[in-house]
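Structure file entry-v2.txt; described as compact mmCIF, C-alpha atoms.
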# COMPACT_ATOMS: atom_id res chain seq x y z
CA MET N 24 0.00 0.00 0.00
CA ARG N 25 2.87 2.39 0.83
CA VAL N 26 4.55 1.62 -2.48
CA LYS N 27 1.38 2.55 -4.34
CA CYS N 28 1.09 5.85 -2.43
CA ARG N 29 4.70 6.75 -3.14
CA SER N 30 4.25 5.89 -6.80
CA PHE N 31 1.16 8.06 -6.94
CA MET N 32 2.94 10.97 -5.24
CA LEU N 33 5.93 10.69 -7.60
CA LEU N 34 3.59 10.68 -10.59
CA ALA N 35 1.81 13.77 -9.23
CA VAL N 36 5.11 15.66 -8.82
CA ILE N 37 6.24 14.77 -12.33
CA SER N 38 2.86 15.84 -13.73
CA ALA N 39 3.02 19.15 -11.88
CA LEU N 40 6.48 19.87 -13.23
CA PHE N 41 5.34 19.01 -16.74
CA PHE N 42 2.18 21.12 -16.75
CA PHE N 43 3.51 23.97 -14.60
CA PRO N 44 7.14 24.62 -15.61
CA ARG N 45 9.21 26.84 -13.40
CA THR N 46 9.95 30.36 -14.57
CA VAL N 47 13.68 30.89 -14.68
CA SER N 48 14.57 34.55 -14.34
CA ALA N 49 17.91 35.94 -15.34
CA ALA N 50 19.42 39.30 -14.51
CA GLU N 51 18.85 41.89 -17.21
CA GLN N 52 21.90 43.40 -18.85
CA GLU N 53 22.40 47.15 -19.13
CA TYR N 54 24.99 49.06 -21.14
CA ASP N 55 25.89 52.73 -21.36
CA PHE N 56 25.48 53.60 -25.05
CA ASN N 57 27.27 56.92 -24.48
CA ARG N 58 30.49 55.24 -23.38
CA ASN N 59 30.19 52.28 -25.76
CA SER N 60 29.45 53.08 -29.40
CA SER N 61 28.81 49.38 -30.03
CA VAL N 62 27.50 46.54 -27.89
CA THR N 63 27.69 42.81 -28.60
CA ILE N 64 25.00 40.53 -27.21
CA GLU N 65 26.07 36.91 -27.44
CA ASP N 66 23.67 34.14 -28.42
CA SER N 67 23.70 32.87 -24.84
CA SER N 68 22.58 36.28 -23.55
CA CYS N 69 19.84 37.03 -26.08
CA TYR N 70 16.24 37.13 -24.87
CA ALA N 71 15.23 33.90 -26.61
CA VAL N 72 17.84 31.98 -24.56
CA SER N 73 18.15 33.93 -21.30
CA GLY N 74 14.59 35.19 -20.97
CA SER N 75 15.88 38.65 -20.05
CA TYR N 76 16.05 41.94 -21.93
CA THR N 77 19.16 43.95 -22.67
CA TRP N 78 18.93 47.71 -22.05
CA LEU N 79 20.98 50.43 -23.73
CA LYS N 80 21.11 53.76 -21.90
CA TYR N 81 21.68 56.95 -23.90
CA THR N 82 21.65 60.68 -23.10
CA PRO N 83 22.22 62.98 -26.12
CA LYS N 84 24.22 66.19 -25.74
CA ALA N 85 22.12 67.93 -28.39
CA ASP N 86 18.79 67.62 -30.16
CA GLY N 87 19.09 65.16 -33.02
CA TYR N 88 18.48 61.60 -34.11
CA LEU N 89 20.12 58.40 -32.94
CA THR N 90 20.58 55.62 -35.48
CA VAL N 91 20.97 52.09 -34.10
CA LYS N 92 22.46 49.63 -36.59
CA ALA N 93 22.15 45.89 -36.10
CA SER N 94 24.63 43.42 -37.58
CA GLY N 95 25.16 39.67 -37.31
CA LEU N 96 27.71 38.10 -35.01
CA TYR N 97 30.96 36.95 -36.58
CA GLY N 98 29.61 37.52 -40.08
CA ALA N 99 26.89 34.88 -39.64
CA SER N 100 25.21 34.39 -43.00
CA GLU N 101 21.80 33.74 -41.46
CA GLY N 102 21.76 37.18 -39.88
CA SER N 103 20.42 38.36 -36.54
CA LYS N 104 16.80 39.00 -35.66
CA GLY N 105 14.99 40.66 -32.80
CA TYR N 106 13.05 43.67 -31.59
CA LEU N 107 13.90 47.11 -30.26
CA ALA N 108 11.79 49.60 -28.34
CA LEU N 109 12.49 53.10 -26.98
CA TYR N 110 11.63 53.90 -23.36
CA SER N 111 11.79 56.87 -21.00
CA SER N 112 14.48 57.36 -18.36
CA THR N 113 12.53 55.31 -15.82
CA LYS N 114 11.80 52.47 -18.28
CA SER N 115 8.14 52.94 -17.38
CA MET N 116 6.93 54.79 -20.49
CA ILE N 117 7.31 53.44 -24.00
CA LEU N 118 8.09 56.09 -26.63
CA SER N 119 7.97 53.98 -29.77
CA SER N 120 6.30 50.90 -31.13
CA LYS N 121 6.70 48.08 -28.63
CA SER N 122 8.19 45.74 -31.23
CA ILE N 123 10.41 47.36 -33.86
CA PHE N 124 11.64 44.37 -35.83
CA TYR N 125 15.20 44.15 -37.15
CA ASN N 126 16.64 41.51 -39.46
CA THR N 127 20.24 41.80 -40.62
CA GLY N 128 19.64 39.14 -43.25
CA ASN N 129 17.92 41.72 -45.49
CA LYS N 130 21.17 43.01 -46.95
CA GLY N 131 20.97 46.12 -49.08
CA LYS N 132 17.77 47.26 -47.37
CA PRO N 133 18.80 49.51 -44.44
CA TYR N 134 15.20 49.84 -43.30
CA TRP N 135 15.48 46.36 -41.79
CA TYR N 136 18.62 46.89 -39.74
CA GLU N 137 18.94 50.65 -39.14
CA ILE N 138 16.45 52.21 -36.72
CA ALA N 139 16.32 55.97 -36.07
CA PHE N 140 14.92 57.74 -33.00
CA GLY N 141 14.47 61.48 -32.54
CA LEU N 142 15.90 62.52 -29.15
CA GLN N 143 16.06 65.72 -27.11
CA LYS N 144 19.15 67.22 -25.53
CA GLY N 145 19.86 66.18 -21.95
CA ARG N 146 17.06 63.64 -21.65
CA THR N 147 17.92 60.04 -20.77
CA TYR N 148 16.45 57.25 -22.86
CA TYR N 149 16.58 53.46 -22.76
CA ILE N 150 16.47 51.12 -25.74
CA ARG N 151 15.14 47.68 -24.90
CA VAL N 152 16.55 44.79 -26.91
CA LYS N 153 14.58 41.57 -27.28
CA GLY N 154 16.83 39.38 -29.41
CA GLU N 155 15.88 36.14 -31.07
CA THR N 156 19.62 35.61 -31.67
CA GLY N 157 22.84 37.28 -30.68
CA VAL N 158 23.51 40.64 -32.32
CA LYS N 159 25.97 43.50 -32.52
CA LEU N 160 24.38 46.94 -32.10
CA SER N 161 26.25 50.13 -32.97
CA ARG N 162 25.09 53.71 -32.77
CA THR N 163 25.65 57.04 -34.47
CA PHE N 164 24.15 60.37 -33.51
CA LYS N 165 23.45 63.33 -35.78
CA LYS N 166 22.82 66.76 -34.29
CA VAL N 167 19.89 68.62 -35.83
CA LYS N 168 19.40 72.34 -35.32
CA ARG N 169 15.77 73.37 -35.49
CA LYS N 170 15.01 75.75 -38.36
CA SER N 171 11.24 75.63 -38.13
CA GLY N 172 8.58 77.52 -36.21
CA GLU N 173 6.59 76.11 -33.32
CA SER N 174 3.26 77.24 -34.74
CA LYS N 175 1.69 78.53 -37.94
CA ALA N 176 2.02 82.10 -36.68
CA LYS N 177 5.75 81.55 -36.08
CA ALA N 178 6.44 79.57 -39.28
CA LYS N 179 9.97 80.04 -40.62
CA ASN N 180 10.55 81.08 -44.21
CA LEU N 181 11.69 78.25 -46.48
CA LYS N 182 13.54 79.52 -49.52
CA LYS N 183 13.02 77.93 -52.90
CA ASN N 184 15.44 75.07 -53.72
CA ARG N 185 16.88 75.24 -50.19
CA THR N 186 16.90 71.96 -48.25
CA VAL N 187 16.15 72.03 -44.53
CA THR N 188 16.59 69.19 -42.06
CA GLY N 189 14.33 68.56 -39.10
CA MET N 190 13.85 66.16 -36.21
CA ILE N 191 10.66 64.81 -34.67
CA PRO N 192 11.46 63.92 -31.03
CA ALA N 193 10.01 60.84 -29.35
CA GLY N 194 7.11 61.42 -27.00
CA VAL N 195 6.54 65.05 -28.04
CA SER N 196 3.49 66.30 -29.93
CA ASN N 197 4.99 69.54 -31.26
CA ALA N 198 4.85 70.21 -35.02
CA ASP N 199 7.34 71.98 -37.31
CA TRP N 200 6.04 74.88 -39.40
CA TYR N 201 7.50 76.50 -42.52
CA LYS N 202 6.15 79.04 -44.99
CA VAL N 203 6.84 79.50 -48.68
CA LYS N 204 6.04 82.47 -50.90
CA ILE N 205 4.84 81.80 -54.45
CA THR N 206 5.16 84.78 -56.77
CA LYS N 207 3.16 83.35 -59.68
CA LYS N 208 0.49 80.73 -60.32
CA GLN N 209 2.20 77.31 -60.12
CA LYS N 210 2.11 73.83 -58.66
CA LEU N 211 4.02 73.44 -55.41
CA ARG N 212 6.49 70.56 -55.59
CA LEU N 213 7.86 69.28 -52.31
CA TYR N 214 10.84 66.92 -52.11
CA TYR N 215 11.41 65.01 -48.91
CA GLY N 216 13.23 62.15 -47.23
CA ALA N 217 12.72 60.54 -43.81
CA LYS N 218 14.27 58.08 -41.37
CA THR N 219 11.61 56.69 -39.05
CA ARG N 220 9.99 53.34 -38.28
CA GLY N 221 6.67 55.09 -37.84
CA SER N 222 5.32 57.82 -40.08
CA PHE N 223 5.27 61.60 -40.33
CA LYS N 224 2.66 63.79 -41.95
CA ILE N 225 3.26 66.72 -44.31
CA SER N 226 0.39 69.15 -44.83
CA VAL N 227 0.14 72.32 -46.95
CA TYR N 228 -2.18 75.17 -46.01
CA SER N 229 -3.07 78.69 -47.06
CA ASP N 230 -4.34 81.02 -44.34
CA ARG N 231 -7.56 79.04 -43.98
CA GLN N 232 -7.55 76.10 -46.38
CA LEU N 233 -5.84 72.71 -46.47
CA PHE N 234 -4.56 71.99 -49.99
CA GLY N 235 -2.93 68.62 -49.53
CA SER N 236 -1.30 66.19 -47.08
CA ARG N 237 0.58 62.91 -47.10
CA ASN N 238 1.87 60.43 -44.56
CA ILE N 239 5.55 59.75 -45.18
CA TYR N 240 7.63 56.75 -44.13
CA TYR N 241 11.25 55.63 -44.22
CA THR N 242 12.78 56.57 -47.57
CA GLN N 243 15.95 55.37 -49.26
CA LYS N 244 15.57 57.86 -52.10
CA GLN N 245 14.13 61.35 -52.36
CA GLN N 246 10.34 61.43 -52.79
CA LYS N 247 8.08 64.09 -54.34
CA LEU N 248 4.70 65.51 -53.33
CA THR N 249 2.98 67.84 -55.79
CA VAL N 250 0.33 70.17 -54.40
CA SER N 251 -2.16 71.86 -56.72
CA LEU N 252 -5.82 72.84 -56.95
CA LYS N 253 -8.54 70.26 -57.43
CA GLN N 254 -9.32 68.95 -60.87
CA THR N 255 -10.89 71.41 -63.29
CA PRO N 256 -13.60 70.44 -65.82
CA SER N 257 -10.82 69.81 -68.35
CA SER N 258 -9.41 67.14 -65.99
CA LYS N 259 -6.19 69.05 -65.45
CA LYS N 260 -4.64 70.11 -62.18
CA ALA N 261 -4.48 73.88 -61.77
CA GLY N 262 -1.56 75.63 -60.12
CA LEU N 263 -1.81 77.41 -56.78
CA ASP N 264 -2.38 81.14 -56.81
CA ALA N 265 0.48 83.45 -55.90
CA GLY N 266 0.68 83.98 -52.15
CA THR N 267 2.00 82.54 -48.89
CA TYR N 268 1.54 78.87 -48.05
CA TYR N 269 2.34 76.99 -44.85
CA ILE N 270 3.93 73.56 -44.53
CA LYS N 271 3.36 71.53 -41.38
CA VAL N 272 5.47 68.47 -40.47
CA GLU N 273 4.27 66.36 -37.55
CA ARG N 274 4.03 62.83 -36.24
CA ALA N 275 1.31 60.77 -37.90
CA ASN N 276 1.08 58.52 -34.84
CA GLN N 277 2.37 58.58 -31.28
CA ASP N 278 4.97 55.86 -31.93
CA SER N 279 6.95 57.88 -34.49
CA SER N 280 10.16 59.84 -34.15
CA GLY N 281 13.24 60.44 -36.25
CA PHE N 282 14.65 62.66 -38.97
CA TYR N 283 13.39 64.35 -42.14
CA LYS N 284 14.60 66.71 -44.87
CA LEU N 285 12.49 68.98 -47.02
CA LYS N 286 12.72 71.42 -49.93
CA TRP N 287 10.37 72.96 -52.50
CA GLU N 288 10.46 74.24 -56.05

What would the structure in this file look like if it were written as structure tokens?
Amino acid sequence: MRVKCRSFMLLAVISALFFFPRTVSAAEQEYDFNRNSSVTIEDSSCYAVSGSYTWLKYTPKADGYLTVKASGLYGASEGSKGYLALYSSTKSMILSSKSIFYNTGNKGKPYWYEIAFGLQKGRTYYIRVKGETGVKLSRTFKKVKRKSGESKAKAKNLKKNRTVTGMIPAGVSNADWYKVKITKKQKLRLYYGAKTRGSFKISVYSDRQLFGSRNIYYTQKQQKLTVSLKQTPSSKKAGLDAGTYYIKVERANQDSSGFYKLKWE
């Protein structure tokens, strides 16, 4: 009778272990991305193996955008995969999409292994790494001096054929405003580029009317947006009247941040 009880108890323990596995927690790794321009996370330390995140701490000395580049370990042909996310200084507030996917196997397509974040001077940020494999992460930072206005009333003049650069910071709802002066009836052609994993929005206004808008995403080549009047009965687009027009650049969703450039002709 005792043997049967012991056998039953042993079976119960084994069943419990099978159906209710123990959670093994590992200490999270943290690196100072200011002191280390590159960080290597070994396969044994990636999230898929260790069950713990790796955190990269960064505090910019100027307003600008941080580009994080992922590359495979030891030139591994299969590449490295995983997810990044930008957090506040307390790691309690997420400032980007929760799962920004990177895959270094997509060679020749930087969108898949270069992620840009717009950051503000003096603020501390954390980048959370959730790796499916080991990965090497390196960073570069580009300072961006604001040349825009904070509102339509304070819009900065944008000269024809002059390219301006701008930065949309993470977690901030401010928009950038520019104004252009058209001296004759014409279509307004805007040329732009962007580095973001979310999307920005470009809108063109007169004093009271919206003439056109577009959501813009990561670009490898310069893109064009042509703004004109609505179709006429002859099915042709008419040019805008001479006057002052305002260009607004903003985040299209709360997860977006990064860099853009803009010019008109």

If you count all atoms listed in the file, the residue of N:Lys104, N:Arg231, N:Lys168, N:Arg162 closest to Arg58 (chain N) turns out to be N:Arg162

Step by step: start from the point (10.1, 56.1, -43.9) in the file's coordinates, keep every protein, DNA or RNA residue that has an atom no farther than 7 Å from it, count all atoms listed in the file, and write the set as a ChimeraX atom specification. /N:217-220,222,239-242

My list of candidates is N:Leu96, N:Ala176, N:Ile270, N:Leu285. Which is closest to Phe234 (chain N) when distances are computed with only C-alpha atoms? N:Ile270

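Distance-wise, CA of Tyr54 (chain N) and CA of Val152 (chain N) end up 11.1 Å apart.
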
Neighbouring residues of Glu173 (chain N) were defined as those with any atom within 10 Å, considering only C-alpha atoms; residues of the same chain fewer than 4 positions away were excluded. Please report them as a JSON list (two decimals) with C-alpha atoms, in the coordinates of the input.
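Here's the written file selection_25.json:
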[["chain", "number", "residue", "atom", "x", "y", "z"],
["N", 169, "ARG", "CA", 15.77, 73.37, -35.49],
["N", 177, "LYS", "CA", 5.75, 81.55, -36.08],
["N", 178, "ALA", "CA", 6.44, 79.57, -39.28],
["N", 179, "LYS", "CA", 9.97, 80.04, -40.62],
["N", 197, "ASN", "CA", 4.99, 69.54, -31.26],
["N", 198, "ALA", "CA", 4.85, 70.21, -35.02],
["N", 199, "ASP", "CA", 7.34, 71.98, -37.31],
["N", 200, "TRP", "CA", 6.04, 74.88, -39.40],
["N", 201, "TYR", "CA", 7.50, 76.50, -42.52],
["N", 271, "LYS", "CA", 3.36, 71.53, -41.38]]

Nearest to Lys92 (chain N), chosen from N:Gly189, N:Gly74, N:Gly128, N:Pro133, with all atoms listed in the file counted in the distances: N:Pro133

Excluding Tyr148 (chain N) and its own-chain neighbours fewer than 6 positions away, which residues fall within 7 Å of it when counting all atoms listed in the file? Please give them as a tab-separated table (two decimals) with C-alpha atoms, in the frame of the given file.
chain	number	residue	atom	x	y	z
N	80	LYS	CA	21.11	53.76	-21.90
N	81	TYR	CA	21.68	56.95	-23.90
N	82	THR	CA	21.65	60.68	-23.10
N	110	TYR	CA	11.63	53.90	-23.36
N	111	SER	CA	11.79	56.87	-21.00
N	112	SER	CA	14.48	57.36	-18.36

Find the residue from N:Val195, N:Ala85, N:Leu79, N:Ile205 that sits nearest to Asp55 (chain N); use all atoms listed in the file when measuring.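 Result for the nearest residue to Asp55 (chain N): N:Leu79.
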
N:Leu89, N:Ile225, N:Leu252, N:Val203 ranked by distance to Lys165 (chain N), top pick (using all atoms listed in the file):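 Smallest separation from Lys165 (chain N) among the options: N:Leu89.
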
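You can rank N:Asn126, N:Gln232, N:Thr77, N:Ser119 by their closest distance to Ala93 (chain N) using all atoms listed in the file, and at the top of that list sits N:Asn126.
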
Test item: residues at most 12 Å from Lys208 (chain N), all atoms listed in the file, excluding those fewer than 3 positions along its chain, as a ChimeraX atom specification: /N:204-205,211,251-252,260-267

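Neighbouring residues of region 63-69 of chain N at 9 Å or closer, counting all atoms listed in the file and skipping chain neighbours under 5 positions away, are Gln52, Gly74, Ser75, Tyr76, Thr77, Leu96, Val152, Lys153, Gly154, Glu155, Thr156, Gly157, Val158, Lys159, Leu160 and Ser161 of chain N.
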
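With only the atoms specified (all atoms listed in the file) counting, those residues at most 9 Å away from (14.8, 76.9, -52.1) are Leu181, Lys182, Lys183, Asn184, Arg185, Thr186, Lys286, Trp287 and Glu288 of chain N.
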